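Structure first, commentary second.
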Amino acid sequence: MQKIRGIYKLLGFTVILAFHVTRVIIKSIWAGRDPNFAWGIVKDCGRDEARWLGIDIEWQGRIPEEGALILPNHRSYLDIIHFVSIIPVCFVAKIEVSKWPLISKAARIARTIFVDRKDKNSRQQTRNQVKERLKEGVSVLVFPEGTTHMSPEVGELHKGIFYVAAGTDVPVIPAAVEYQDPEEAWVGDDGFIEHFVRRFSVPGRKAVKIRFGEPIKEEDGEVFRQRVGAWIQENTRELQEEFGLALDSKLDHVWNNEDLAPKP
């Protein structure tokens with residue numbers, strides 16, 4: 001019987017997504033030259049999905065202004081819902097998303113930047129597009145780990161985005177994302193539907209905490225990467241403690257350089 005609940009939640013999730021994607025496509029017909037017209041609809045979609053799925057979102061810190069580069073850790077496909085529900089941002093997404101029916105059309109309208117990490121030319125084009133968005137005053141959200149990880153792990157951060165941001169005046173905002181239940185992370189060999197149905201077959205509300213840091217500036221790309229990694233690890237640990245999670249990190253050695261950690 002519980003699995004039926006998960007399927008029911010998935011159907012509702014799909015209907016809500018399809019409704020808002022259709023809104024975006026229809027509005028694009030008469031949106032004129034405003035390239036950011038879709039963000040209001042995307043925000044509605046994020047909030048409606050969180051409400052339907054029974055997710056309680058707690059925001060901590062100062063919500064970033066427009067024109068910031070936001071760099072959070074990555075736990076789940078649900079992360080995107082939480083961010084778009086309050087912040088107008090465009091995302092950097094893997095190239096596979098550009099081939100998904102219907103969603104790919106809406107993602108392009110919402111100014112998503114697609115990257116093929118196996119293609120060096122694609123990676124460079126992505127960096128250029130990120131720079132263009134930021135110059136326009138548009139916030140860009142990048143998951144520098146490149147994939148999801150289960151608590152308490154903070155994965156290795158890909159260096160490219162840090163070299164793009166180093167030495168610029170763009171506000172770079174680190175962010176930490178943590179779920180009350182570490183099993184919300186989408187990892188391993190699970191398919192999306194399999195994981196979604198299993199997790200939402202479990203009754204009860206779900207909770208997530210997201211914390212924003214203060215802007216970090218740095219001239220050196222590698223030092224930048226280390227500082228953001230140290231901040232994310234420290235703050236995900238604190239969010240885990242707030243949830244009462246007793247987790248042993250496997251990666252204490254990765255982001256533990258006190259000289260590189262951001263100062264309060």
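Every chain in the structure tokens takes a letter, A first, then B, and so on in the order presented; its residues are numbered from 1, and the ligands are numbered from 1 following the presented order.
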Residues of stretch 186-251 of chain A within 7 Å of stretch 4-24 of chain A: nearest atom pair and distance (Å, one decimal) for each, counting only C-alpha atoms, sorted by chain and number, as a Markdown table?
| residue | atom | partner | partner_atom | distance |
| --- | --- | --- | --- | --- |
| A:Val197 | CA | A:Gly6 | CA | 4.3 |
| A:Arg198 | CA | A:Gly6 | CA | 6.4 |
| A:Phe200 | CA | A:Gly6 | CA | 4.6 |
| A:Ser201 | CA | A:Gly6 | CA | 4.0 |
Exercise for the section: Within 8 Å of A:Leu157, counting only C-alpha atoms, which residues show up once you throw out same-chain ones fewer than 3 positions away? Write them as a PyMOL selection string, please. Expected result: chain A and resi 144-146+225+229
Using N, CA and C atoms, can you write the selected residues to a file as a compact mmCIF listing (two decimals), in the first residue's frame?
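Full text of result01.txt as output:
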# COMPACT_ATOMS: atom_id res chain seq x y z
N PRO A 144 29.14 22.45 -7.92
CA PRO A 144 30.52 22.17 -8.33
C PRO A 144 30.97 20.73 -8.11
N GLU A 145 30.21 19.95 -7.31
CA GLU A 145 30.55 18.54 -7.18
C GLU A 145 30.23 17.78 -8.47
N GLY A 146 29.28 18.29 -9.25
CA GLY A 146 28.95 17.67 -10.52
C GLY A 146 27.95 16.54 -10.42
N ARG A 225 38.72 27.34 -4.75
CA ARG A 225 38.07 26.02 -4.64
C ARG A 225 38.21 25.46 -3.23
N GLY A 229 35.16 24.78 -0.62
CA GLY A 229 35.02 23.41 -0.11
C GLY A 229 35.05 23.35 1.40
Exercise for the section: Please identify which residues in stretch 172-227 of chain A DSSP calls strand (DSSP E) from the backbone, and express them as a PyMOL selection string. Expected result: chain A and resi 172-179+206-212
Write a file of the just-selected residues containing C-alpha atoms, as a short mmCIF file (atom, residue, chain, number, x, y, z; two decimals), in the first residue's frame.
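The resulting part_10.cif:
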data_model
loop_
_atom_site.label_atom_id
_atom_site.label_comp_id
_atom_site.auth_asym_id
_atom_site.auth_seq_id
_atom_site.Cartn_x
_atom_site.Cartn_y
_atom_site.Cartn_z
CA VAL A 172 30.41 34.19 -5.14
CA ILE A 173 28.03 32.74 -2.55
CA PRO A 174 28.74 29.30 -1.05
CA ALA A 175 25.68 27.35 0.12
CA ALA A 176 25.13 24.22 2.19
CA VAL A 177 22.22 21.83 1.65
CA GLU A 178 21.25 19.10 4.12
CA TYR A 179 18.23 16.82 4.56
CA LYS A 206 10.33 15.88 4.89
CA ALA A 207 12.69 18.62 6.02
CA VAL A 208 15.63 20.33 4.35
CA LYS A 209 17.90 23.13 5.55
CA ILE A 210 19.75 25.45 3.18
CA ARG A 211 22.32 27.93 4.46
CA PHE A 212 23.87 30.77 2.45
#
Exercise for the section: Return as JSON, numbers by chain the full set of residues in stretch 121-200 of chain A whose backbone-based DSSP assignment is alpha helix (DSSP H). Expected result: {"A": [121, 122, 123, 124, 125, 126, 127, 128, 129, 130, 131, 132, 133, 134, 135, 160, 161, 162, 163, 164, 165, 192, 193, 194, 195, 196, 197, 198, 199, 200]}
Print the selection's residues with N, CA, C and O atoms to a file, as a short mmCIF file (atom, residue, chain, number, x, y, z; two decimals), in the first residue's frame.
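Contents of selection29.cif, freshly written:
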data_model
loop_
_atom_site.label_atom_id
_atom_site.label_comp_id
_atom_site.auth_asym_id
_atom_site.auth_seq_id
_atom_site.Cartn_x
_atom_site.Cartn_y
_atom_site.Cartn_z
N ASN A 121 35.53 21.53 -25.52
CA ASN A 121 34.94 22.73 -26.14
C ASN A 121 33.64 23.11 -25.46
O ASN A 121 33.35 24.30 -25.26
N SER A 122 32.84 22.11 -25.08
CA SER A 122 31.58 22.38 -24.39
C SER A 122 31.84 23.01 -23.03
O SER A 122 31.13 23.95 -22.62
N ARG A 123 32.85 22.52 -22.34
CA ARG A 123 33.16 23.09 -21.01
C ARG A 123 33.58 24.55 -21.13
O ARG A 123 33.18 25.39 -20.33
N GLN A 124 34.36 24.87 -22.16
CA GLN A 124 34.78 26.26 -22.35
C GLN A 124 33.60 27.13 -22.74
O GLN A 124 33.47 28.27 -22.26
N GLN A 125 32.73 26.63 -23.59
CA GLN A 125 31.54 27.38 -23.97
C GLN A 125 30.65 27.64 -22.76
O GLN A 125 30.07 28.71 -22.62
N THR A 126 30.57 26.65 -21.87
CA THR A 126 29.78 26.81 -20.65
C THR A 126 30.34 27.93 -19.79
O THR A 126 29.59 28.78 -19.27
N ARG A 127 31.65 27.95 -19.63
CA ARG A 127 32.27 29.02 -18.84
C ARG A 127 31.98 30.38 -19.44
O ARG A 127 31.70 31.35 -18.72
N ASN A 128 32.03 30.47 -20.76
CA ASN A 128 31.75 31.75 -21.41
C ASN A 128 30.30 32.18 -21.19
O ASN A 128 30.02 33.36 -20.96
N GLN A 129 29.38 31.22 -21.26
CA GLN A 129 27.97 31.54 -21.04
C GLN A 129 27.71 31.97 -19.60
O GLN A 129 26.89 32.86 -19.35
N VAL A 130 28.39 31.32 -18.66
CA VAL A 130 28.26 31.73 -17.25
C VAL A 130 28.71 33.18 -17.08
O VAL A 130 28.04 33.99 -16.43
N LYS A 131 29.83 33.52 -17.70
CA LYS A 131 30.33 34.89 -17.62
C LYS A 131 29.33 35.87 -18.21
O LYS A 131 29.10 36.96 -17.65
N GLU A 132 28.72 35.50 -19.34
CA GLU A 132 27.75 36.38 -19.98
C GLU A 132 26.53 36.62 -19.09
O GLU A 132 26.05 37.74 -18.95
N ARG A 133 26.03 35.54 -18.47
CA ARG A 133 24.87 35.68 -17.59
C ARG A 133 25.20 36.60 -16.42
O ARG A 133 24.39 37.47 -16.05
N LEU A 134 26.35 36.40 -15.84
CA LEU A 134 26.73 37.20 -14.68
C LEU A 134 26.90 38.67 -15.05
O LEU A 134 26.53 39.57 -14.28
N LYS A 135 27.44 38.94 -16.24
CA LYS A 135 27.58 40.33 -16.70
C LYS A 135 26.22 40.99 -16.87
O LYS A 135 26.07 42.20 -16.71
N GLY A 160 36.82 24.07 -12.70
CA GLY A 160 36.58 25.02 -13.78
C GLY A 160 35.86 26.28 -13.36
O GLY A 160 36.29 27.40 -13.68
N ILE A 161 34.77 26.15 -12.61
CA ILE A 161 33.95 27.31 -12.26
C ILE A 161 34.71 28.26 -11.35
O ILE A 161 34.48 29.48 -11.37
N PHE A 162 35.65 27.75 -10.57
CA PHE A 162 36.41 28.60 -9.65
C PHE A 162 37.42 29.46 -10.42
O PHE A 162 37.69 30.60 -10.03
N TYR A 163 37.95 28.93 -11.50
CA TYR A 163 38.87 29.72 -12.33
C TYR A 163 38.11 30.76 -13.13
O TYR A 163 38.65 31.82 -13.46
N VAL A 164 36.83 30.49 -13.44
CA VAL A 164 36.00 31.49 -14.10
C VAL A 164 35.75 32.67 -13.16
O VAL A 164 35.81 33.84 -13.55
N ALA A 165 35.49 32.37 -11.87
CA ALA A 165 35.10 33.41 -10.91
C ALA A 165 36.28 34.11 -10.26
O ALA A 165 36.14 35.24 -9.77
N PHE A 192 15.66 7.51 -11.37
CA PHE A 192 14.88 8.58 -10.75
C PHE A 192 13.54 8.07 -10.24
O PHE A 192 13.16 8.30 -9.09
N ILE A 193 12.78 7.35 -11.08
CA ILE A 193 11.45 6.89 -10.68
C ILE A 193 11.54 5.93 -9.49
O ILE A 193 10.77 6.02 -8.53
N GLU A 194 12.49 5.00 -9.56
CA GLU A 194 12.65 4.03 -8.48
C GLU A 194 12.92 4.73 -7.16
O GLU A 194 12.30 4.43 -6.13
N HIS A 195 13.86 5.69 -7.17
CA HIS A 195 14.20 6.39 -5.94
C HIS A 195 13.04 7.24 -5.46
O HIS A 195 12.70 7.25 -4.26
N PHE A 196 12.40 7.97 -6.38
CA PHE A 196 11.30 8.86 -6.01
C PHE A 196 10.17 8.08 -5.35
O PHE A 196 9.69 8.45 -4.27
N VAL A 197 9.73 7.00 -5.97
CA VAL A 197 8.61 6.22 -5.44
C VAL A 197 8.96 5.63 -4.09
O VAL A 197 8.14 5.65 -3.15
N ARG A 198 10.17 5.14 -3.92
CA ARG A 198 10.57 4.56 -2.64
C ARG A 198 10.57 5.61 -1.53
O ARG A 198 10.04 5.38 -0.44
N ARG A 199 11.13 6.79 -1.82
CA ARG A 199 11.23 7.82 -0.78
C ARG A 199 9.87 8.41 -0.42
O ARG A 199 9.59 8.67 0.74
N PHE A 200 9.02 8.61 -1.41
CA PHE A 200 7.73 9.24 -1.13
C PHE A 200 6.64 8.22 -0.82
O PHE A 200 5.48 8.60 -0.63
#
Problem - For A:Pro72, the nearest of the candidates A:Leu141, A:Gly167, A:Gly244, A:Pro35, counting only C-alpha atoms - result: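 Selected residue with least distance to A:Pro72: A:Leu141.
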Practice task
Measuring atom to atom with only C-alpha atoms, identify which of A:Ala93, A:Ile86, A:Ile41, A:Ile55 is nearest to A:Ile25.
Solution key: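 Closest to A:Ile25, using only C-alpha atoms: A:Ile41.
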Exercise for the section: Do a neighbour search on A:Arg111 at 10 Å with only C-alpha atoms, toss out local chain neighbours closer than 2 positions, and write the hits as a ChimeraX atom specification. Expected result: /A:35-36,38-39,89-92,106-109,113-114,133,138,140
Exercise for the section: Rank nothing, just name the residue among A:Ile63, A:Val228, A:Val202, A:Ala185 nearest to A:Asp79, using only C-alpha atoms. Expected result: A:Ala185
